[in-house]
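Participant: Sharing a structure with you now.
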Amino acid sequence: MSKELEIKNQILNYNNQIDICNDELISLRNQVKKLEELSLQLRRMDNRFNECQANRINSTKKIGRLSINKRITEGYCDGMNNLLSGNEFSRVASGLVSARRNVEDKIYELQQEIARKQAQAYNLQNLMDCLYHELYSLPTE
């Protein structure tokens, strides 16, 4: 095989590899976008959950100040305070935080993979440019 043909084949090979990298980059960026949307939804859920929790606590405090029947309101307030600060609340709150952390970790991993793919495509482009230079430097027949 002639040197010229060999170089052209290698250029074609690098070009195909760059196309594959670019396709993978598109896919990775789409995954990051979806995860960022999920992270935003989780953040909104967490904020909403915390707002509802604060409202419930404030409502319980207001009921505790009522002087309808002190024993009934004290019992109700104690029960609600236990419910609003118990294991169920803690599990939900920590579950939302954990979910957000997992999503953020996955976004970071994908961003690292994007950086690697971009570097790979850049290196392939440089190799291809060198081959073009070599191709144009060949003596003409």
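For the structure tokens, the naming scheme is as follows: chains receive sequential letters (A, B, ...) according to their order of presentation, residues are indexed from 1 within each chain, and ligands are indexed from 1 in presentation order.
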Extract, using only C-alpha atoms, all DNA, RNA and protein residues at most 7 Å from segment 14-28 of chain A, discarding same-chain residues fewer than 2 positions from it, and format them as a PyMOL selection string.
Facilitator: chain A and resi 10-12+30-32+110+114+117+121+124+128
Participant: Next, write the just-selected residues to a file, as a PDB file, in the first residue's frame, keeping C-alpha atoms as the atom set.
Facilitator:
```pdb
ATOM      1  CA  GLN A  10      -5.485   6.648   8.940  1.00  0.00           C
ATOM      2  CA  ILE A  11      -7.100  10.086   8.524  1.00  0.00           C
ATOM      3  CA  LEU A  12     -10.403   8.398   7.775  1.00  0.00           C
ATOM      4  CA  ASN A  30     -28.100  14.877  27.456  1.00  0.00           C
ATOM      5  CA  GLN A  31     -27.673  12.641  30.496  1.00  0.00           C
ATOM      6  CA  VAL A  32     -26.215  15.538  32.489  1.00  0.00           C
ATOM      7  CA  LEU A 110     -20.511  12.340  33.704  1.00  0.00           C
ATOM      8  CA  ILE A 114     -17.197  14.525  29.081  1.00  0.00           C
ATOM      9  CA  LYS A 117     -14.021  12.497  25.643  1.00  0.00           C
ATOM     10  CA  ALA A 121     -11.403  14.122  20.356  1.00  0.00           C
ATOM     11  CA  LEU A 124      -7.435  12.669  17.554  1.00  0.00           C
ATOM     12  CA  MET A 128      -5.299  13.957  12.021  1.00  0.00           C
TER      13      MET A 128
END
```
Participant: How far is it from atom CA of Asn126 of chain A to atom CA of Thr140 of chain A, in Å with one decimal?
Facilitator: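 Pair atom CA of Asn126 of chain A / atom CA of Thr140 of chain A returns 23.9 Å.
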Participant: I'd like the contact shell of segment 87-95 of chain A - 9 Å cut-off, only C-alpha atoms, skipping same-chain residues fewer than 5 positions apart - returned as a list in words.
Facilitator: Asp46, Phe49, Asn50, Gln53 and Arg100 of chain A
Participant: Mind writing the picked residues with C-alpha atoms as a PDB file, in the first residue's frame?
Facilitator:
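Saved to result16.pdb:
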```pdb
ATOM      1  CA  ASP A  46     -36.835  19.265  49.699  1.00  0.00           C
ATOM      2  CA  PHE A  49     -41.050  19.511  52.426  1.00  0.00           C
ATOM      3  CA  ASN A  50     -39.154  21.845  54.758  1.00  0.00           C
ATOM      4  CA  GLN A  53     -42.688  20.978  58.074  1.00  0.00           C
ATOM      5  CA  ARG A 100     -29.758  14.770  45.703  1.00  0.00           C
TER       6      ARG A 100
END
```
Participant: What is the distance, in Å and to one decimal place, between atom CA of Asn123 of chain A and atom CA of Ile107 of chain A?
Facilitator: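 Pair atom CA of Asn123 of chain A / atom CA of Ile107 of chain A returns 24.3 Å.
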